[in-house]
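Structure file work-v3.cif (mmCIF, C-alpha atoms) follows.
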```cif
data_work
#
loop_
_atom_site.label_atom_id
_atom_site.label_comp_id
_atom_site.auth_asym_id
_atom_site.auth_seq_id
_atom_site.Cartn_x
_atom_site.Cartn_y
_atom_site.Cartn_z
CA MET O 334 19.19 2.52 -3.20
CA PRO O 335 15.72 2.52 -4.76
CA ILE O 336 15.38 2.59 -8.54
CA ILE O 337 13.89 5.97 -9.48
CA LYS O 338 12.62 6.96 -12.92
CA VAL O 339 11.41 10.41 -13.91
CA ILE O 340 8.68 10.99 -16.51
CA ILE O 341 8.54 14.44 -18.11
CA PRO O 342 5.66 15.25 -20.50
CA ALA O 343 6.89 17.92 -22.90
CA TYR O 344 5.32 19.92 -25.68
CA ASN O 345 7.66 22.41 -27.40
CA GLU O 346 9.98 22.89 -24.44
CA ALA O 347 13.22 23.28 -26.43
CA ASP O 348 14.28 26.34 -24.41
CA SER O 349 13.85 24.68 -21.04
CA ILE O 350 14.19 20.90 -21.30
CA SER O 351 17.99 20.72 -21.00
CA HIS O 352 17.87 22.83 -17.81
CA VAL O 353 15.30 20.45 -16.34
CA ILE O 354 17.27 17.30 -17.22
CA ASN O 355 20.62 18.73 -16.10
CA ASP O 356 19.25 19.70 -12.67
CA ILE O 357 17.82 16.24 -11.90
CA PRO O 358 19.88 14.62 -9.11
CA GLU O 359 22.15 11.66 -9.90
CA ILE O 360 20.11 9.29 -7.72
CA VAL O 361 17.70 8.99 -10.68
CA ASP O 362 18.24 5.93 -12.89
CA GLU O 363 16.47 7.16 -16.01
CA VAL O 364 14.89 10.37 -17.23
CA ILE O 365 12.08 9.78 -19.73
CA VAL O 366 10.93 12.75 -21.80
CA VAL O 367 7.64 12.16 -23.61
CA SER O 368 7.36 14.54 -26.53
CA ASN O 369 3.68 15.32 -26.98
CA ASN O 370 3.65 16.38 -30.63
CA SER O 371 6.57 18.80 -30.25
CA THR O 372 7.39 20.71 -33.42
CA ASP O 373 10.59 22.33 -32.16
CA ALA O 374 13.94 20.83 -31.09
CA THR O 375 12.64 19.42 -27.77
CA GLU O 376 13.37 15.80 -28.74
CA THR O 377 16.89 16.43 -30.04
CA ILE O 378 17.88 18.57 -27.06
CA ALA O 379 16.43 16.07 -24.57
CA LYS O 380 18.41 13.22 -26.18
CA GLN O 381 21.60 15.29 -26.12
CA ALA O 382 21.03 15.96 -22.41
CA GLY O 383 20.91 12.21 -21.75
CA ALA O 384 17.18 11.49 -21.56
CA THR O 385 15.25 8.64 -23.12
CA VAL O 386 12.86 10.28 -25.59
CA LEU O 387 9.46 8.84 -26.45
CA LYS O 388 6.87 10.26 -28.84
CA GLU O 389 3.15 10.52 -28.13
CA SER O 390 1.21 11.99 -31.06
CA ARG O 391 -2.15 12.10 -29.23
CA LYS O 392 -2.33 15.49 -27.62
CA GLY O 393 -2.87 15.63 -23.89
CA TYR O 394 -0.90 15.71 -20.64
CA GLY O 395 -2.42 12.40 -19.53
CA TYR O 396 -1.63 10.73 -22.85
CA ALA O 397 2.04 11.71 -22.43
CA CYS O 398 2.19 10.45 -18.84
CA LEU O 399 0.49 7.17 -19.79
CA LYS O 400 3.02 6.68 -22.61
CA GLY O 401 5.86 7.02 -20.10
CA VAL O 402 4.23 4.59 -17.67
CA ASP O 403 3.61 2.07 -20.46
CA TYR O 404 7.28 2.28 -21.50
CA VAL O 405 8.43 1.62 -17.93
CA SER O 406 6.02 -1.32 -17.56
CA LYS O 407 7.72 -3.10 -20.47
CA GLN O 408 11.21 -2.85 -18.97
CA GLU O 409 12.72 -5.93 -17.38
CA THR O 410 13.81 -4.15 -14.20
CA LYS O 411 10.93 -2.28 -12.65
CA PRO O 412 11.52 0.94 -10.68
CA ASP O 413 10.60 1.45 -7.04
CA ILE O 414 9.56 5.08 -7.48
CA ILE O 415 8.18 7.14 -10.37
CA VAL O 416 8.56 10.91 -10.29
CA PHE O 417 6.50 13.19 -12.55
CA LEU O 418 7.95 16.57 -13.41
CA ASP O 419 7.06 19.30 -15.91
CA GLY O 420 9.40 20.22 -18.73
CA ASP O 421 9.07 24.01 -18.47
CA TYR O 422 11.60 24.57 -15.64
CA SER O 423 8.99 26.03 -13.28
CA ASP O 424 9.80 23.33 -10.73
CA TYR O 425 13.25 22.95 -9.17
CA PRO O 426 14.36 19.44 -10.28
CA GLU O 427 17.11 19.38 -7.63
CA GLU O 428 14.31 19.21 -5.02
CA LEU O 429 13.54 15.68 -6.22
CA THR O 430 15.57 14.31 -3.28
CA LYS O 431 13.15 16.11 -0.95
CA ILE O 432 10.14 14.70 -2.81
CA VAL O 433 11.24 11.04 -2.67
CA GLU O 434 12.57 11.14 0.90
CA PRO O 435 9.23 10.36 2.62
CA ILE O 436 8.83 7.29 0.37
CA VAL O 437 12.35 6.04 1.03
CA LYS O 438 12.56 6.81 4.74
CA GLU O 439 8.97 6.68 5.99
CA ASP O 440 7.32 4.21 3.59
CA ILE O 441 4.88 6.88 2.36
CA ASP O 442 3.09 5.86 -0.86
CA PHE O 443 2.59 9.19 -2.59
CA VAL O 444 4.17 12.65 -2.29
CA ILE O 445 3.00 15.95 -3.82
CA GLY O 446 5.31 18.92 -4.21
CA ALA O 447 3.10 21.72 -2.88
CA ARG O 448 3.63 25.13 -4.47
CA VAL O 449 3.10 27.11 -1.28
CA LYS O 450 2.72 30.88 -1.55
CA ARG O 451 5.89 31.77 0.40
CA LEU O 452 8.04 29.69 -2.00
CA ARG O 453 6.37 30.82 -5.24
CA GLU O 454 7.97 33.41 -7.47
CA LYS O 455 5.62 36.31 -8.20
CA GLY O 456 3.54 35.59 -11.29
CA SER O 457 4.51 31.91 -11.47
CA MET O 458 0.90 30.82 -10.99
CA THR O 459 -1.98 32.59 -12.71
CA ILE O 460 -5.13 33.68 -10.89
CA PRO O 461 -7.21 30.90 -12.58
CA GLN O 462 -4.57 28.36 -11.46
CA ILE O 463 -4.58 29.60 -7.87
CA PHE O 464 -8.38 29.64 -7.76
CA GLY O 465 -8.66 26.23 -9.44
CA ASN O 466 -6.23 24.71 -6.95
CA TRP O 467 -8.10 26.22 -4.03
CA LEU O 468 -11.48 25.04 -5.32
CA ALA O 469 -10.34 21.50 -6.16
CA THR O 470 -8.49 20.94 -2.88
CA SER O 471 -11.33 22.50 -0.87
CA LEU O 472 -13.82 20.13 -2.49
CA MET O 473 -11.51 17.18 -1.81
CA ARG O 474 -11.23 18.25 1.81
CA LEU O 475 -15.01 18.57 2.07
CA MET O 476 -15.91 15.35 0.28
CA PHE O 477 -13.02 13.05 1.15
CA LYS O 478 -11.46 14.67 4.27
CA SER O 479 -8.19 15.05 2.36
CA THR O 480 -5.35 17.30 3.45
CA PHE O 481 -4.17 18.20 -0.08
CA THR O 482 -3.57 21.91 -0.70
CA ASP O 483 -2.25 21.68 -4.27
CA LEU O 484 -2.52 19.75 -7.54
CA GLY O 485 1.21 20.26 -8.09
CA PRO O 486 2.69 18.41 -11.11
CA PHE O 487 5.96 17.63 -9.28
CA ARG O 488 5.11 14.37 -7.51
CA ALA O 489 6.51 10.98 -6.59
CA ILE O 490 4.73 7.68 -6.13
CA LYS O 491 5.71 4.07 -5.47
CA TYR O 492 5.63 2.30 -8.83
CA GLU O 493 3.39 -0.55 -7.61
CA LYS O 494 0.95 2.00 -6.17
CA LEU O 495 0.86 3.90 -9.45
CA LEU O 496 -0.12 0.71 -11.27
CA ALA O 497 -2.83 0.05 -8.66
CA LEU O 498 -4.43 3.41 -9.49
CA ASN O 499 -5.19 2.26 -13.05
CA MET O 500 -4.79 5.82 -14.34
CA GLU O 501 -6.95 6.73 -17.34
CA ASP O 502 -7.30 10.49 -17.81
CA LYS O 503 -5.82 11.60 -21.11
CA THR O 504 -5.70 15.36 -20.67
CA TYR O 505 -5.95 17.96 -17.92
CA GLY O 506 -7.47 15.73 -15.23
CA TRP O 507 -4.38 13.52 -14.72
CA THR O 508 -3.13 15.15 -11.52
CA VAL O 509 -6.49 15.31 -9.76
CA GLU O 510 -7.38 11.76 -10.87
CA MET O 511 -4.20 10.49 -9.21
CA GLN O 512 -4.99 12.31 -5.97
CA LEU O 513 -8.63 11.19 -5.88
CA LYS O 514 -7.75 7.56 -6.54
CA ALA O 515 -4.99 7.70 -3.91
CA LEU O 516 -7.58 8.95 -1.41
CA LYS O 517 -10.06 6.23 -2.41
CA GLN O 518 -7.41 3.52 -2.02
CA LYS O 519 -6.28 5.01 1.31
CA PHE O 520 -2.67 5.57 0.31
CA LYS O 521 -0.32 7.12 2.83
CA TYR O 522 0.44 10.54 1.39
CA VAL O 523 2.15 13.80 2.32
CA GLU O 524 2.78 17.18 0.77
CA ILE O 525 6.27 18.68 0.74
CA PRO O 526 6.57 22.46 0.18
CA VAL O 527 8.57 23.17 -2.98
CA ASN O 528 9.89 26.27 -4.71
CA TYR O 529 8.18 27.36 -7.91
CA ARG O 530 9.32 29.91 -10.49
CA ASN O 531 8.06 31.49 -13.68
CA ARG O 532 8.19 28.93 -16.43
CA ILE O 533 10.27 29.31 -19.58
CA GLY O 534 7.87 29.94 -22.49
CA VAL O 535 4.07 30.15 -22.46
CA SER O 536 1.86 27.69 -20.60
CA LYS O 537 -0.35 25.52 -22.82
CA VAL O 538 -3.03 25.31 -20.12
CA SER O 539 -3.01 28.28 -17.75
CA GLY O 540 -1.64 30.58 -20.47
CA THR O 541 -4.90 30.44 -22.44
CA ILE O 542 -8.51 31.10 -21.44
CA LYS O 543 -9.64 27.97 -23.30
CA GLY O 544 -6.98 25.85 -21.57
CA ALA O 545 -7.89 27.18 -18.13
CA ILE O 546 -11.62 26.55 -18.67
CA PHE O 547 -11.15 23.01 -20.01
CA ALA O 548 -8.74 22.17 -17.17
CA GLY O 549 -11.26 23.46 -14.63
CA ILE O 550 -14.12 21.46 -16.12
CA LYS O 551 -12.01 18.28 -16.23
CA ILE O 552 -10.81 18.66 -12.64
CA LEU O 553 -14.30 19.33 -11.25
CA GLY O 554 -15.68 16.45 -13.34
CA TRP O 555 -13.29 13.98 -11.69
CA ILE O 556 -14.08 15.27 -8.20
CA PHE O 557 -17.86 14.97 -8.64
CA LYS O 558 -17.52 11.59 -10.34
CA TYR O 559 -15.61 10.27 -7.33
CA SER O 560 -17.87 11.89 -4.78
CA PHE O 561 -20.73 9.64 -5.98
CA LYS O 562 -18.65 6.48 -6.35
CA LYS O 563 -18.92 3.92 -3.59
#
```
Target encoding structure tokens, full file:
Amino acid sequence: MPIIKVIIPAYNEADSISHVINDIPEIVDEVIVVSNNSTDATETIAKQAGATVLKESRKGYGYACLKGVDYVSKQETKPDIIVFLDGDYSDYPEELTKIVEPIVKEDIDFVIGARVKRLREKGSMTIPQIFGNWLATSLMRLMFKSTFTDLGPFRAIKYEKLLALNMEDKTYGWTVEMQLKALKQKFKYVEIPVNYRNRIGVSKVSGTIKGAIFAGIKILGWIFKYSFKK
């Protein structure tokens, strides 16, 4: 069996984090929750649920993910697969088996959980999110001939391939950076349709106008940066 580790960036997800951890399948070796300046009981609840809890005081989704990756890189036994998952319970953690299957069985490098319309609960994605996804994936299709349809946060990647990407984005551009670099490095990738529900609590990105605008600017910035890179 491959060694699988899950990294969950979390900012004030006390109401949801235990649900997320408890629904992660037993094939996972370690669940790592990175508390990104949480001021509620996220850290305590995550520990009680059996997760390794790290703290990242610099605010930003990418900062939290990088903290998790750095922690894993210092462990003696390295994983085969890293799964990224949000802490708000909008994804269905039990679908992790579906997400890692192409890596385990077909030697795929990178898998995105695609939040397709037919599997999305009404209201689970905001109009700016839906538009942003469409715009970003359309540009990637146009510029890089990609087949991505989503920037879904629920994703799995071979650990060695993740290291090869040399990820650097500290905030909202993390997901699109990963996809662009995977395209540039010609990774074998697939999308797997996943269910998606209304999150517990308020989104820190799509739930605010400021968050949605900054996320959009960051995502488009990465796409145009890579469109001019040789």
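Closest to Leu418 of chain O among O:Ser457, O:Tyr492, O:Ile445, O:Lys519 is O:Ile445, based on all atoms listed in the file.
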Within 6 Å of segment 404-417 of chain O, counting all atoms listed in the file, which residues show up once you throw out same-chain ones fewer than 3 positions away? Write them as a PyMOL selection string, please. chain O and resi 335-340+401+487-492
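For the file at hand, the PyMOL selection byres ((chain O and resi 554) around 12) resolves to Ala469, Leu472, Asp502, Tyr505, Gly506, Trp507, Val509, Glu510, Leu513, Phe547, Ala548, Gly549, Ile550, Lys551, Ile552, Leu553, Trp555, Ile556, Phe557, Lys558, Tyr559, Ser560 and Phe561 of chain O.
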I need the chosen residues saved as an mmCIF file, keeping the file's coordinate frame, with C-alpha atoms.
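And here is the file that came out, out28.cif:
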```cif
data_model
loop_
_atom_site.group_PDB
_atom_site.id
_atom_site.type_symbol
_atom_site.label_atom_id
_atom_site.label_comp_id
_atom_site.auth_asym_id
_atom_site.auth_seq_id
_atom_site.Cartn_x
_atom_site.Cartn_y
_atom_site.Cartn_z
ATOM 1 C CA ALA O 469 -10.340 21.500 -6.160
ATOM 2 C CA LEU O 472 -13.820 20.130 -2.490
ATOM 3 C CA ASP O 502 -7.300 10.490 -17.810
ATOM 4 C CA TYR O 505 -5.950 17.960 -17.920
ATOM 5 C CA GLY O 506 -7.470 15.730 -15.230
ATOM 6 C CA TRP O 507 -4.380 13.520 -14.720
ATOM 7 C CA VAL O 509 -6.490 15.310 -9.760
ATOM 8 C CA GLU O 510 -7.380 11.760 -10.870
ATOM 9 C CA LEU O 513 -8.630 11.190 -5.880
ATOM 10 C CA PHE O 547 -11.150 23.010 -20.010
ATOM 11 C CA ALA O 548 -8.740 22.170 -17.170
ATOM 12 C CA GLY O 549 -11.260 23.460 -14.630
ATOM 13 C CA ILE O 550 -14.120 21.460 -16.120
ATOM 14 C CA LYS O 551 -12.010 18.280 -16.230
ATOM 15 C CA ILE O 552 -10.810 18.660 -12.640
ATOM 16 C CA LEU O 553 -14.300 19.330 -11.250
ATOM 17 C CA TRP O 555 -13.290 13.980 -11.690
ATOM 18 C CA ILE O 556 -14.080 15.270 -8.200
ATOM 19 C CA PHE O 557 -17.860 14.970 -8.640
ATOM 20 C CA LYS O 558 -17.520 11.590 -10.340
ATOM 21 C CA TYR O 559 -15.610 10.270 -7.330
ATOM 22 C CA SER O 560 -17.870 11.890 -4.780
ATOM 23 C CA PHE O 561 -20.730 9.640 -5.980
#
```
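The coordinates place atom CA of Asn499 of chain O at 22.2 Å from atom CA of Ile432 of chain O.
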Starting from the shown file, work through the PyMOL selection byres ((chain O and resi 381) around 12) and note down what comes out as a VMD selection string. chain O and resid 347 350 to 352 354 to 355 366 374 to 380 382 to 386
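Nearest residue to Asp356 of chain O, choosing from O:Glu493, O:Glu427, O:Glu501, O:Asp440 and counting all atoms listed in the file: O:Glu427.
Put simply, atom CA of Ala447 of chain O is 14.8 Å away from atom CA of Phe464 of chain O.
Note that atom CA of Pro461 of chain O and atom CA of Phe520 of chain O are 28.8 Å apart.
Here the residues that fall within 8 Å of (5.3, 28.3, -3.5), using only C-alpha atoms, are given as O:Ala447, O:Arg448, O:Val449, O:Lys450, O:Arg451, O:Leu452, O:Arg453, O:Glu454, O:Pro526, O:Val527, O:Asn528, O:Tyr529.
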So that I can see what lies close to Ser471 of chain O, please list as a short mmCIF file (atom, residue, chain, number, x, y, z; two decimals) with C-alpha atoms, keeping the file's coordinate frame the residues with an atom at most 10 Å from it, counting only C-alpha atoms and leaving out residues fewer than 6 positions away in the same chain.
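This is the output file result-v4.cif:
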```
data_model
loop_
_atom_site.label_atom_id
_atom_site.label_comp_id
_atom_site.auth_asym_id
_atom_site.auth_seq_id
_atom_site.Cartn_x
_atom_site.Cartn_y
_atom_site.Cartn_z
CA GLY O 465 -8.66 26.23 -9.44
CA PHE O 477 -13.02 13.05 1.15
CA LYS O 478 -11.46 14.67 4.27
CA SER O 479 -8.19 15.05 2.36
CA THR O 480 -5.35 17.30 3.45
CA PHE O 481 -4.17 18.20 -0.08
CA THR O 482 -3.57 21.91 -0.70
CA ASP O 483 -2.25 21.68 -4.27
#
```
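Comparing O:Asn466, O:Glu524, O:Ile436, O:Phe443 by their smallest distance to Leu498 of chain O, the closest is O:Phe443 (using only C-alpha atoms).
Among O:Ala515, O:Leu399, O:Ile460, O:Met473, the residue with the shortest atom-to-atom distance to Ile441 of chain O, counting only C-alpha atoms, is O:Ala515.
Taking all atoms listed in the file into account, Val444 of chain O lies nearest to O:Gln512 out of the set O:Asn531, O:Asn345, O:Ser371, O:Gln512.
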Identify which of the residues O:Gly456, O:Pro486, O:Pro358, O:Gly395 lies closest to Asp424 of chain O, counting all atoms listed in the file when measuring atom-to-atom distances. O:Pro486
